[in-house]
Amino acid sequence: MYEEYLGIPFNTGGDLGKGLNCWEFVKLYYIKELSIQLPDMLLNSDNLKGLVKEFKSSSEYTNWREVSLPEKHDVVLLTHTNTPHHIGVYVGDGCIIHSVDIAGVILSDKDNLQDLGFRILSYWRHNNA
């Protein structure tokens with residue numbers, strides 16, 4: 001199910017021909033796996049707080065709900081600090097698939113996430129998933 005995505009290179013611009021940033025990967029996954037079109041979001045690593053604030057004030061935010069126990073296809077918010085910094089998709093068995101700058105799209109379990117310096121902040125489920 002997720003194997004076809006592994007190895008897609010990372011690219012901050014999110015151009016599939018050149019690679020995908022973390023949000024662009026989630027968008028690709030959602031359209032291919034769930035037929036859900038997610039909006040474009042301009043990622044600015046210098047202002048991630050602003051991005052989160054913009055998302056929470058957008059109409060797209062109403063399509064999501066936070067959940068305590070993840071299920072397949074839930075979005076995972078990750079951080080290095082206390083502010084959301086990264087995003088991936090839960091694929092089951094304690095693993096997420098996400099796009100990272102050092103390797104592109106990879107599969108990670110909790111131990112691997114810690115090795116990469118991430119910790120899970122929350123899980124989110126799309127209302128149409």
# chains A, B, ... in the order shown; residues from 1 in each chain; ligands from 1
>>> residues_around(residues="segment 91-95 of chain A", least_positions_apart="2", cutoff="10 Å", atoms="only C-alpha atoms", output="NGL selection string")
:A and (1-2 or 70-75 or 88-89 or 97-98 or 107-113)
>>> write_last_selection(atoms="all heavy atoms", output="compact mmCIF listing (two decimals), in the first residue's frame")
# COMPACT_ATOMS: atom_id res chain seq x y z
N MET A 1 0.82 -1.19 0.00
CA MET A 1 0.00 0.00 0.00
C MET A 1 0.87 1.26 0.00
O MET A 1 0.66 2.14 -0.78
CB MET A 1 -0.94 -0.05 1.22
CG MET A 1 -1.92 1.06 1.31
SD MET A 1 -1.77 2.39 2.49
CE MET A 1 -0.86 1.81 3.84
N TYR A 2 1.85 1.36 0.87
CA TYR A 2 2.68 2.56 0.93
C TYR A 2 4.02 2.38 0.24
O TYR A 2 4.76 3.34 0.06
CB TYR A 2 2.90 2.98 2.39
CG TYR A 2 3.48 1.88 3.25
CD1 TYR A 2 4.83 1.59 3.21
CD2 TYR A 2 2.67 1.13 4.10
CE1 TYR A 2 5.36 0.57 3.98
CE2 TYR A 2 3.19 0.13 4.87
CZ TYR A 2 4.54 -0.16 4.81
OH TYR A 2 5.06 -1.17 5.57
N PRO A 70 -4.44 6.36 16.90
CA PRO A 70 -4.37 6.48 15.45
C PRO A 70 -4.91 5.25 14.73
O PRO A 70 -4.83 4.13 15.23
CB PRO A 70 -2.87 6.65 15.19
CG PRO A 70 -2.23 5.90 16.31
CD PRO A 70 -3.12 6.13 17.50
N GLU A 71 -5.45 5.50 13.56
CA GLU A 71 -5.87 4.46 12.63
C GLU A 71 -5.19 4.73 11.30
O GLU A 71 -4.69 5.84 11.04
CB GLU A 71 -7.39 4.48 12.44
CG GLU A 71 -8.16 4.11 13.69
CD GLU A 71 -9.67 4.16 13.49
OE1 GLU A 71 -10.13 4.41 12.36
OE2 GLU A 71 -10.38 3.95 14.49
N LYS A 72 -5.15 3.72 10.45
CA LYS A 72 -4.57 3.84 9.13
C LYS A 72 -5.11 5.09 8.44
O LYS A 72 -6.31 5.36 8.50
CB LYS A 72 -4.91 2.58 8.33
CG LYS A 72 -4.21 2.46 7.03
CD LYS A 72 -4.57 1.11 6.43
CE LYS A 72 -4.10 0.99 5.03
NZ LYS A 72 -4.51 -0.27 4.44
N HIS A 73 -4.25 5.85 7.82
CA HIS A 73 -4.52 7.08 7.06
C HIS A 73 -4.59 8.34 7.92
O HIS A 73 -4.74 9.43 7.37
CB HIS A 73 -5.80 6.99 6.22
CG HIS A 73 -5.91 5.80 5.34
ND1 HIS A 73 -4.96 5.48 4.39
CD2 HIS A 73 -6.86 4.84 5.26
CE1 HIS A 73 -5.32 4.37 3.76
NE2 HIS A 73 -6.47 3.96 4.28
N ASP A 74 -4.51 8.24 9.26
CA ASP A 74 -4.51 9.45 10.08
C ASP A 74 -3.23 10.24 9.84
O ASP A 74 -2.16 9.67 9.59
CB ASP A 74 -4.61 9.11 11.57
CG ASP A 74 -6.00 8.66 11.98
OD1 ASP A 74 -6.95 8.84 11.20
OD2 ASP A 74 -6.13 8.11 13.09
N VAL A 75 -3.34 11.55 9.92
CA VAL A 75 -2.18 12.42 9.80
C VAL A 75 -1.52 12.54 11.16
O VAL A 75 -2.19 12.61 12.19
CB VAL A 75 -2.60 13.80 9.25
CG1 VAL A 75 -1.50 14.83 9.41
CG2 VAL A 75 -2.99 13.67 7.79
N GLY A 88 3.23 13.54 8.77
CA GLY A 88 3.31 12.26 8.07
C GLY A 88 1.96 11.57 8.14
O GLY A 88 0.99 12.14 8.62
N VAL A 89 1.92 10.32 7.67
CA VAL A 89 0.67 9.55 7.64
C VAL A 89 0.88 8.25 8.40
O VAL A 89 1.86 7.53 8.14
CB VAL A 89 0.23 9.25 6.20
CG1 VAL A 89 -1.03 8.40 6.18
CG2 VAL A 89 0.01 10.53 5.41
N ILE A 97 4.60 7.02 7.51
CA ILE A 97 5.35 7.28 6.29
C ILE A 97 5.39 8.79 6.14
O ILE A 97 4.38 9.47 6.36
CB ILE A 97 4.71 6.54 5.09
CG1 ILE A 97 5.59 6.67 3.85
CG2 ILE A 97 3.29 6.96 4.85
CD1 ILE A 97 5.18 5.75 2.71
N HIS A 98 6.58 9.32 5.84
CA HIS A 98 6.75 10.77 5.77
C HIS A 98 7.94 11.10 4.91
O HIS A 98 8.77 10.24 4.61
CB HIS A 98 6.89 11.36 7.18
CG HIS A 98 8.01 10.76 7.99
ND1 HIS A 98 8.95 11.52 8.64
CD2 HIS A 98 8.33 9.48 8.27
CE1 HIS A 98 9.80 10.73 9.28
NE2 HIS A 98 9.43 9.49 9.07
N LEU A 107 9.67 5.10 5.79
CA LEU A 107 8.79 4.50 6.78
C LEU A 107 9.52 4.54 8.11
O LEU A 107 10.69 4.16 8.19
CB LEU A 107 8.48 3.05 6.40
CG LEU A 107 7.55 2.28 7.32
CD1 LEU A 107 6.13 2.83 7.22
CD2 LEU A 107 7.56 0.79 6.96
N SER A 108 8.85 5.02 9.17
CA SER A 108 9.49 5.14 10.48
C SER A 108 8.60 4.56 11.56
O SER A 108 7.39 4.77 11.54
CB SER A 108 9.76 6.61 10.83
OG SER A 108 10.69 7.19 9.96
N ASP A 109 9.22 3.88 12.52
CA ASP A 109 8.51 3.51 13.73
C ASP A 109 8.90 4.52 14.81
O ASP A 109 9.69 5.44 14.56
CB ASP A 109 8.80 2.07 14.15
CG ASP A 109 10.27 1.81 14.46
OD1 ASP A 109 11.05 2.77 14.69
OD2 ASP A 109 10.65 0.63 14.49
N LYS A 110 8.38 4.38 16.02
CA LYS A 110 8.65 5.36 17.08
C LYS A 110 10.14 5.48 17.39
O LYS A 110 10.64 6.58 17.61
CB LYS A 110 7.87 5.02 18.34
CG LYS A 110 6.41 5.36 18.23
CD LYS A 110 5.68 5.15 19.54
CE LYS A 110 4.22 5.52 19.39
NZ LYS A 110 3.48 5.45 20.62
N ASP A 111 10.87 4.36 17.39
CA ASP A 111 12.30 4.42 17.68
C ASP A 111 13.03 5.19 16.60
O ASP A 111 13.90 6.01 16.88
CB ASP A 111 12.89 3.01 17.81
CG ASP A 111 12.40 2.29 19.06
OD1 ASP A 111 12.01 2.97 20.04
OD2 ASP A 111 12.41 1.05 19.06
N ASN A 112 12.70 4.93 15.33
CA ASN A 112 13.33 5.63 14.22
C ASN A 112 13.00 7.12 14.26
O ASN A 112 13.86 7.96 13.96
CB ASN A 112 12.91 5.01 12.89
CG ASN A 112 13.57 5.64 11.70
OD1 ASN A 112 12.89 6.28 10.90
ND2 ASN A 112 14.87 5.47 11.59
N LEU A 113 11.77 7.46 14.63
CA LEU A 113 11.41 8.88 14.76
C LEU A 113 12.28 9.57 15.79
O LEU A 113 12.76 10.68 15.56
CB LEU A 113 9.93 9.02 15.16
CG LEU A 113 8.90 8.73 14.09
CD1 LEU A 113 7.50 8.76 14.69
CD2 LEU A 113 9.01 9.71 12.94
>>> residues_around(residues="Tyr61 of chain A", least_positions_apart="3", cutoff="12 Å", atoms="only C-alpha atoms", output="short mmCIF file (atom, residue, chain, number, x, y, z; two decimals) with all heavy atoms, in the first residue's frame")
data_model
loop_
_atom_site.label_atom_id
_atom_site.label_comp_id
_atom_site.auth_asym_id
_atom_site.auth_seq_id
_atom_site.Cartn_x
_atom_site.Cartn_y
_atom_site.Cartn_z
N LEU A 38 -6.50 17.65 -0.76
CA LEU A 38 -6.12 18.59 0.30
C LEU A 38 -5.61 19.87 -0.35
O LEU A 38 -5.07 19.85 -1.46
CB LEU A 38 -5.06 17.97 1.20
CG LEU A 38 -5.47 16.71 1.95
CD1 LEU A 38 -4.30 16.17 2.77
CD2 LEU A 38 -6.67 16.96 2.84
N PRO A 39 -5.75 21.00 0.34
CA PRO A 39 -5.34 22.28 -0.25
C PRO A 39 -3.82 22.45 -0.29
O PRO A 39 -3.09 21.79 0.46
CB PRO A 39 -5.97 23.31 0.68
CG PRO A 39 -6.00 22.62 2.00
CD PRO A 39 -6.29 21.17 1.68
N VAL A 52 0.73 27.09 11.14
CA VAL A 52 -0.26 26.40 11.97
C VAL A 52 -1.44 27.34 12.24
O VAL A 52 -2.60 26.94 12.14
CB VAL A 52 0.38 25.90 13.28
CG1 VAL A 52 -0.68 25.39 14.24
CG2 VAL A 52 1.39 24.81 12.98
N LYS A 53 -1.15 28.59 12.57
CA LYS A 53 -2.22 29.57 12.83
C LYS A 53 -3.07 29.76 11.58
O LYS A 53 -4.30 29.80 11.66
CB LYS A 53 -1.60 30.89 13.28
CG LYS A 53 -2.60 31.93 13.67
CD LYS A 53 -1.92 33.19 14.16
CE LYS A 53 -2.95 34.24 14.54
NZ LYS A 53 -2.33 35.48 14.98
N GLU A 54 -2.44 29.87 10.42
CA GLU A 54 -3.17 30.03 9.16
C GLU A 54 -4.07 28.83 8.90
O GLU A 54 -5.22 28.96 8.51
CB GLU A 54 -2.18 30.21 8.01
CG GLU A 54 -2.83 30.31 6.65
CD GLU A 54 -1.81 30.35 5.53
OE1 GLU A 54 -0.65 30.74 5.76
OE2 GLU A 54 -2.17 29.96 4.41
N PHE A 55 -3.53 27.62 9.11
CA PHE A 55 -4.31 26.41 8.88
C PHE A 55 -5.52 26.35 9.81
O PHE A 55 -6.63 26.04 9.39
CB PHE A 55 -3.43 25.16 9.06
CG PHE A 55 -4.18 23.89 8.82
CD1 PHE A 55 -4.50 23.50 7.53
CD2 PHE A 55 -4.58 23.08 9.87
CE1 PHE A 55 -5.21 22.32 7.29
CE2 PHE A 55 -5.28 21.91 9.65
CZ PHE A 55 -5.59 21.53 8.36
N LYS A 56 -5.31 26.67 11.09
CA LYS A 56 -6.41 26.60 12.06
C LYS A 56 -7.50 27.62 11.77
O LYS A 56 -8.64 27.44 12.17
CB LYS A 56 -5.87 26.77 13.48
CG LYS A 56 -5.17 25.54 13.99
CD LYS A 56 -4.76 25.68 15.43
CE LYS A 56 -4.21 24.37 15.97
NZ LYS A 56 -3.86 24.46 17.38
N SER A 57 -7.17 28.70 11.07
CA SER A 57 -8.18 29.70 10.74
C SER A 57 -8.80 29.46 9.36
O SER A 57 -9.71 30.17 8.96
CB SER A 57 -7.58 31.11 10.81
OG SER A 57 -6.61 31.27 9.81
N SER A 58 -8.33 28.44 8.64
CA SER A 58 -8.85 28.15 7.31
C SER A 58 -10.07 27.23 7.39
O SER A 58 -10.30 26.55 8.39
CB SER A 58 -7.78 27.50 6.44
OG SER A 58 -7.60 26.15 6.81
N TRP A 64 -11.08 18.24 9.89
CA TRP A 64 -10.20 17.38 10.68
C TRP A 64 -10.64 17.35 12.13
O TRP A 64 -11.17 18.32 12.65
CB TRP A 64 -8.76 17.89 10.61
CG TRP A 64 -8.20 17.89 9.23
CD1 TRP A 64 -8.31 18.89 8.30
CD2 TRP A 64 -7.46 16.85 8.62
NE1 TRP A 64 -7.67 18.53 7.15
CE2 TRP A 64 -7.14 17.28 7.31
CE3 TRP A 64 -7.01 15.60 9.04
CZ2 TRP A 64 -6.41 16.51 6.42
CZ3 TRP A 64 -6.28 14.81 8.15
CH2 TRP A 64 -5.99 15.27 6.87
N ARG A 65 -10.33 16.24 12.79
CA ARG A 65 -10.54 16.16 14.24
C ARG A 65 -9.35 15.42 14.85
O ARG A 65 -8.85 14.45 14.28
CB ARG A 65 -11.86 15.49 14.58
CG ARG A 65 -11.96 14.05 14.20
CD ARG A 65 -13.38 13.52 14.41
NE ARG A 65 -13.48 12.11 14.14
CZ ARG A 65 -13.54 11.55 12.94
NH1 ARG A 65 -13.49 12.29 11.86
NH2 ARG A 65 -13.65 10.24 12.81
N GLU A 66 -8.95 15.88 16.01
CA GLU A 66 -7.85 15.23 16.72
C GLU A 66 -8.36 13.93 17.33
O GLU A 66 -9.48 13.87 17.83
CB GLU A 66 -7.30 16.16 17.80
CG GLU A 66 -6.04 15.63 18.43
CD GLU A 66 -5.38 16.63 19.36
OE1 GLU A 66 -5.92 17.74 19.55
OE2 GLU A 66 -4.32 16.29 19.89
N TRP A 124 -4.46 13.20 13.69
CA TRP A 124 -5.62 13.88 13.16
C TRP A 124 -6.28 13.03 12.08
O TRP A 124 -5.60 12.45 11.24
CB TRP A 124 -5.21 15.23 12.58
CG TRP A 124 -4.78 16.18 13.65
CD1 TRP A 124 -3.58 16.22 14.26
CD2 TRP A 124 -5.59 17.18 14.26
NE1 TRP A 124 -3.57 17.21 15.23
CE2 TRP A 124 -4.79 17.80 15.24
CE3 TRP A 124 -6.89 17.61 14.07
CZ2 TRP A 124 -5.26 18.84 16.03
CZ3 TRP A 124 -7.37 18.65 14.85
CH2 TRP A 124 -6.56 19.26 15.82
N ARG A 125 -7.60 12.98 12.13
CA ARG A 125 -8.37 12.19 11.18
C ARG A 125 -9.24 13.12 10.33
O ARG A 125 -9.94 13.99 10.86
CB ARG A 125 -9.25 11.19 11.92
CG ARG A 125 -9.98 10.21 11.02
CD ARG A 125 -10.51 9.03 11.81
NE ARG A 125 -9.40 8.37 12.50
CZ ARG A 125 -9.49 7.89 13.75
NH1 ARG A 125 -10.61 7.97 14.43
NH2 ARG A 125 -8.43 7.32 14.32
N HIS A 126 -9.18 12.92 9.03
CA HIS A 126 -10.02 13.69 8.12
C HIS A 126 -11.45 13.14 8.21
O HIS A 126 -11.64 11.93 8.29
CB HIS A 126 -9.49 13.58 6.68
CG HIS A 126 -10.06 14.58 5.76
ND1 HIS A 126 -11.29 14.44 5.18
CD2 HIS A 126 -9.57 15.78 5.33
CE1 HIS A 126 -11.53 15.48 4.41
NE2 HIS A 126 -10.51 16.32 4.48
N ASN A 127 -12.42 14.01 8.20
CA ASN A 127 -13.81 13.59 8.34
C ASN A 127 -14.29 12.65 7.22
O ASN A 127 -15.23 11.90 7.41
CB ASN A 127 -14.74 14.81 8.42
CG ASN A 127 -14.52 15.60 9.69
OD1 ASN A 127 -14.10 15.06 10.71
ND2 ASN A 127 -14.79 16.90 9.64
#
>>> residues_around(residues="Ile36 of chain A", least_positions_apart="5", cutoff="8 Å", atoms="only C-alpha atoms", output="PyMOL selection string")
chain A and resi 30-31+128-129
>>> closest_residue(among="A:Tyr5, A:Arg119, A:Gly104, A:Ser59", to="Lys18 of chain A", atoms="only C-alpha atoms")
A:Gly104
>>> select_by_dssp(residues="chain A", states="helix (DSSP H, G or I)", output="number ranges by chain")
A: 3-5, 22-34, 48-56, 59-63, 110-115
>>> select_by_dssp(residues="segment 4-114 of chain A", states="strand (DSSP E or B)", output="number ranges by chain")
A: 64-67, 75-79, 86-92, 95-100, 104-109
>>> closest_residue(among="A:Ile106, A:His80, A:His86, A:Thr12", to="Phe118 of chain A", atoms="only C-alpha atoms")
A:His80
>>> closest_residue(among="A:Ile102, A:Met41, A:Cys22, A:Leu78", to="Ser122 of chain A", atoms="only C-alpha atoms")
A:Leu78
>>> decode(residues="segment 7-126 of chain A", atoms="C-alpha atoms", output="PDB file, in the first residue's frame")
ATOM      1  CA  GLY A   7      12.241   6.692  -1.922  1.00  0.00           C
ATOM      2  CA  ILE A   8      10.482   9.670  -3.528  1.00  0.00           C
ATOM      3  CA  PRO A   9      13.070  12.397  -2.961  1.00  0.00           C
ATOM      4  CA  PHE A  10      12.528  15.363  -0.664  1.00  0.00           C
ATOM      5  CA  ASN A  11      12.170  18.803  -2.221  1.00  0.00           C
ATOM      6  CA  THR A  12      11.179  21.949  -0.359  1.00  0.00           C
ATOM      7  CA  GLY A  13       9.292  23.180  -3.418  1.00  0.00           C
ATOM      8  CA  GLY A  14       6.976  20.174  -3.537  1.00  0.00           C
ATOM      9  CA  ASP A  15       7.333  19.543  -7.294  1.00  0.00           C
ATOM     10  CA  LEU A  16       6.646  15.801  -7.747  1.00  0.00           C
ATOM     11  CA  GLY A  17       9.140  15.662 -10.611  1.00  0.00           C
ATOM     12  CA  LYS A  18      11.860  16.828  -8.215  1.00  0.00           C
ATOM     13  CA  GLY A  19      10.526  15.442  -4.938  1.00  0.00           C
ATOM     14  CA  LEU A  20       8.061  16.330  -2.212  1.00  0.00           C
ATOM     15  CA  ASN A  21       8.092  18.183   1.074  1.00  0.00           C
ATOM     16  CA  CYS A  22       6.177  16.635   3.973  1.00  0.00           C
ATOM     17  CA  TRP A  23       2.844  18.395   3.252  1.00  0.00           C
ATOM     18  CA  GLU A  24       3.023  17.688  -0.492  1.00  0.00           C
ATOM     19  CA  PHE A  25       3.624  14.024   0.303  1.00  0.00           C
ATOM     20  CA  VAL A  26       0.532  13.915   2.562  1.00  0.00           C
ATOM     21  CA  LYS A  27      -1.479  15.578  -0.232  1.00  0.00           C
ATOM     22  CA  LEU A  28      -0.282  12.972  -2.755  1.00  0.00           C
ATOM     23  CA  TYR A  29      -1.057  10.117  -0.373  1.00  0.00           C
ATOM     24  CA  TYR A  30      -4.554  11.424   0.390  1.00  0.00           C
ATOM     25  CA  ILE A  31      -5.532  11.913  -3.247  1.00  0.00           C
ATOM     26  CA  LYS A  32      -4.173   8.523  -4.370  1.00  0.00           C
ATOM     27  CA  GLU A  33      -5.264   6.413  -1.406  1.00  0.00           C
ATOM     28  CA  LEU A  34      -8.453   8.152  -0.275  1.00  0.00           C
ATOM     29  CA  SER A  35      -9.493  10.365  -3.232  1.00  0.00           C
ATOM     30  CA  ILE A  36      -9.413  13.370  -0.878  1.00  0.00           C
ATOM     31  CA  GLN A  37      -8.001  16.587  -2.336  1.00  0.00           C
ATOM     32  CA  LEU A  38      -6.123  18.589   0.296  1.00  0.00           C
ATOM     33  CA  PRO A  39      -5.337  22.280  -0.252  1.00  0.00           C
ATOM     34  CA  ASP A  40      -1.988  23.734  -1.161  1.00  0.00           C
ATOM     35  CA  MET A  41      -0.115  25.069   1.853  1.00  0.00           C
ATOM     36  CA  LEU A  42       2.954  27.229   1.435  1.00  0.00           C
ATOM     37  CA  LEU A  43       5.514  25.808   3.868  1.00  0.00           C
ATOM     38  CA  ASN A  44       7.829  28.342   5.425  1.00  0.00           C
ATOM     39  CA  SER A  45      10.280  26.719   7.808  1.00  0.00           C
ATOM     40  CA  ASP A  46      11.058  30.155   9.252  1.00  0.00           C
ATOM     41  CA  ASN A  47       7.440  30.664  10.344  1.00  0.00           C
ATOM     42  CA  LEU A  48       5.881  27.307  11.207  1.00  0.00           C
ATOM     43  CA  LYS A  49       3.815  28.891  13.991  1.00  0.00           C
ATOM     44  CA  GLY A  50       2.298  31.192  11.391  1.00  0.00           C
ATOM     45  CA  LEU A  51       1.526  28.234   9.134  1.00  0.00           C
ATOM     46  CA  VAL A  52      -0.261  26.401  11.966  1.00  0.00           C
ATOM     47  CA  LYS A  53      -2.217  29.567  12.834  1.00  0.00           C
ATOM     48  CA  GLU A  54      -3.168  30.033   9.155  1.00  0.00           C
ATOM     49  CA  PHE A  55      -4.309  26.406   8.882  1.00  0.00           C
ATOM     50  CA  LYS A  56      -6.407  26.599  12.055  1.00  0.00           C
ATOM     51  CA  SER A  57      -8.182  29.704  10.742  1.00  0.00           C
ATOM     52  CA  SER A  58      -8.853  28.152   7.311  1.00  0.00           C
ATOM     53  CA  SER A  59     -12.008  26.313   6.272  1.00  0.00           C
ATOM     54  CA  GLU A  60      -9.922  23.139   5.781  1.00  0.00           C
ATOM     55  CA  TYR A  61      -9.398  22.902   9.554  1.00  0.00           C
ATOM     56  CA  THR A  62     -13.073  22.002  10.050  1.00  0.00           C
ATOM     57  CA  ASN A  63     -12.507  18.811   8.012  1.00  0.00           C
ATOM     58  CA  TRP A  64     -10.200  17.381  10.679  1.00  0.00           C
ATOM     59  CA  ARG A  65     -10.541  16.164  14.237  1.00  0.00           C
ATOM     60  CA  GLU A  66      -7.851  15.230  16.716  1.00  0.00           C
ATOM     61  CA  VAL A  67      -7.899  11.581  17.833  1.00  0.00           C
ATOM     62  CA  SER A  68      -6.065   9.842  20.657  1.00  0.00           C
ATOM     63  CA  LEU A  69      -5.650   6.426  19.029  1.00  0.00           C
ATOM     64  CA  PRO A  70      -4.374   6.481  15.448  1.00  0.00           C
ATOM     65  CA  GLU A  71      -5.865   4.463  12.629  1.00  0.00           C
ATOM     66  CA  LYS A  72      -4.569   3.840   9.129  1.00  0.00           C
ATOM     67  CA  HIS A  73      -4.515   7.078   7.060  1.00  0.00           C
ATOM     68  CA  ASP A  74      -4.508   9.448  10.080  1.00  0.00           C
ATOM     69  CA  VAL A  75      -2.179  12.422   9.796  1.00  0.00           C
ATOM     70  CA  VAL A  76       0.581  12.608  12.393  1.00  0.00           C
ATOM     71  CA  LEU A  77       1.889  15.961  13.630  1.00  0.00           C
ATOM     72  CA  LEU A  78       5.529  15.773  14.693  1.00  0.00           C
ATOM     73  CA  THR A  79       7.912  18.168  16.369  1.00  0.00           C
ATOM     74  CA  HIS A  80      11.461  18.782  17.525  1.00  0.00           C
ATOM     75  CA  THR A  81      10.125  21.212  20.145  1.00  0.00           C
ATOM     76  CA  ASN A  82       6.521  21.912  21.189  1.00  0.00           C
ATOM     77  CA  THR A  83       5.406  23.501  17.925  1.00  0.00           C
ATOM     78  CA  PRO A  84       4.310  21.326  14.982  1.00  0.00           C
ATOM     79  CA  HIS A  85       7.284  21.026  12.680  1.00  0.00           C
ATOM     80  CA  HIS A  86       6.597  18.026  10.448  1.00  0.00           C
ATOM     81  CA  ILE A  87       3.740  15.858   9.187  1.00  0.00           C
ATOM     82  CA  GLY A  88       3.308  12.265   8.070  1.00  0.00           C
ATOM     83  CA  VAL A  89       0.672   9.552   7.645  1.00  0.00           C
ATOM     84  CA  TYR A  90       0.010   6.690  10.043  1.00  0.00           C
ATOM     85  CA  VAL A  91       0.048   3.372   8.138  1.00  0.00           C
ATOM     86  CA  GLY A  92      -0.524   0.971  11.035  1.00  0.00           C
ATOM     87  CA  ASP A  93       1.617  -1.215  13.295  1.00  0.00           C
ATOM     88  CA  GLY A  94       3.067   1.866  15.017  1.00  0.00           C
ATOM     89  CA  CYS A  95       4.592   3.210  11.789  1.00  0.00           C
ATOM     90  CA  ILE A  96       4.282   6.406   9.807  1.00  0.00           C
ATOM     91  CA  ILE A  97       5.348   7.275   6.291  1.00  0.00           C
ATOM     92  CA  HIS A  98       6.746  10.766   5.774  1.00  0.00           C
ATOM     93  CA  SER A  99       9.113  12.821   3.639  1.00  0.00           C
ATOM     94  CA  VAL A 100      12.317  14.008   5.310  1.00  0.00           C
ATOM     95  CA  ASP A 101      15.056  16.190   3.897  1.00  0.00           C
ATOM     96  CA  ILE A 102      17.838  13.641   4.464  1.00  0.00           C
ATOM     97  CA  ALA A 103      16.185  10.678   2.724  1.00  0.00           C
ATOM     98  CA  GLY A 104      12.915  11.574   0.998  1.00  0.00           C
ATOM     99  CA  VAL A 105       9.869   9.414   1.736  1.00  0.00           C
ATOM    100  CA  ILE A 106      10.616   6.823   4.414  1.00  0.00           C
ATOM    101  CA  LEU A 107       8.791   4.500   6.785  1.00  0.00           C
ATOM    102  CA  SER A 108       9.491   5.137  10.479  1.00  0.00           C
ATOM    103  CA  ASP A 109       8.506   3.510  13.733  1.00  0.00           C
ATOM    104  CA  LYS A 110       8.653   5.361  17.079  1.00  0.00           C
ATOM    105  CA  ASP A 111      12.300   4.418  17.679  1.00  0.00           C
ATOM    106  CA  ASN A 112      13.333   5.635  14.221  1.00  0.00           C
ATOM    107  CA  LEU A 113      11.406   8.875  14.759  1.00  0.00           C
ATOM    108  CA  GLN A 114      13.377   9.486  17.963  1.00  0.00           C
ATOM    109  CA  ASP A 115      16.621   8.762  16.097  1.00  0.00           C
ATOM    110  CA  LEU A 116      15.605  11.452  13.591  1.00  0.00           C
ATOM    111  CA  GLY A 117      14.886  13.868  16.460  1.00  0.00           C
ATOM    112  CA  PHE A 118      11.082  13.836  16.134  1.00  0.00           C
ATOM    113  CA  ARG A 119       8.370  13.173  18.659  1.00  0.00           C
ATOM    114  CA  ILE A 120       4.668  12.749  18.008  1.00  0.00           C
ATOM    115  CA  LEU A 121       2.485  15.692  19.028  1.00  0.00           C
ATOM    116  CA  SER A 122      -0.926  14.464  17.882  1.00  0.00           C
ATOM    117  CA  TYR A 123      -2.949  12.391  15.434  1.00  0.00           C
ATOM    118  CA  TRP A 124      -5.619  13.876  13.160  1.00  0.00           C
ATOM    119  CA  ARG A 125      -8.371  12.194  11.178  1.00  0.00           C
ATOM    120  CA  HIS A 126     -10.024  13.686   8.119  1.00  0.00           C
TER     121      HIS A 126
END
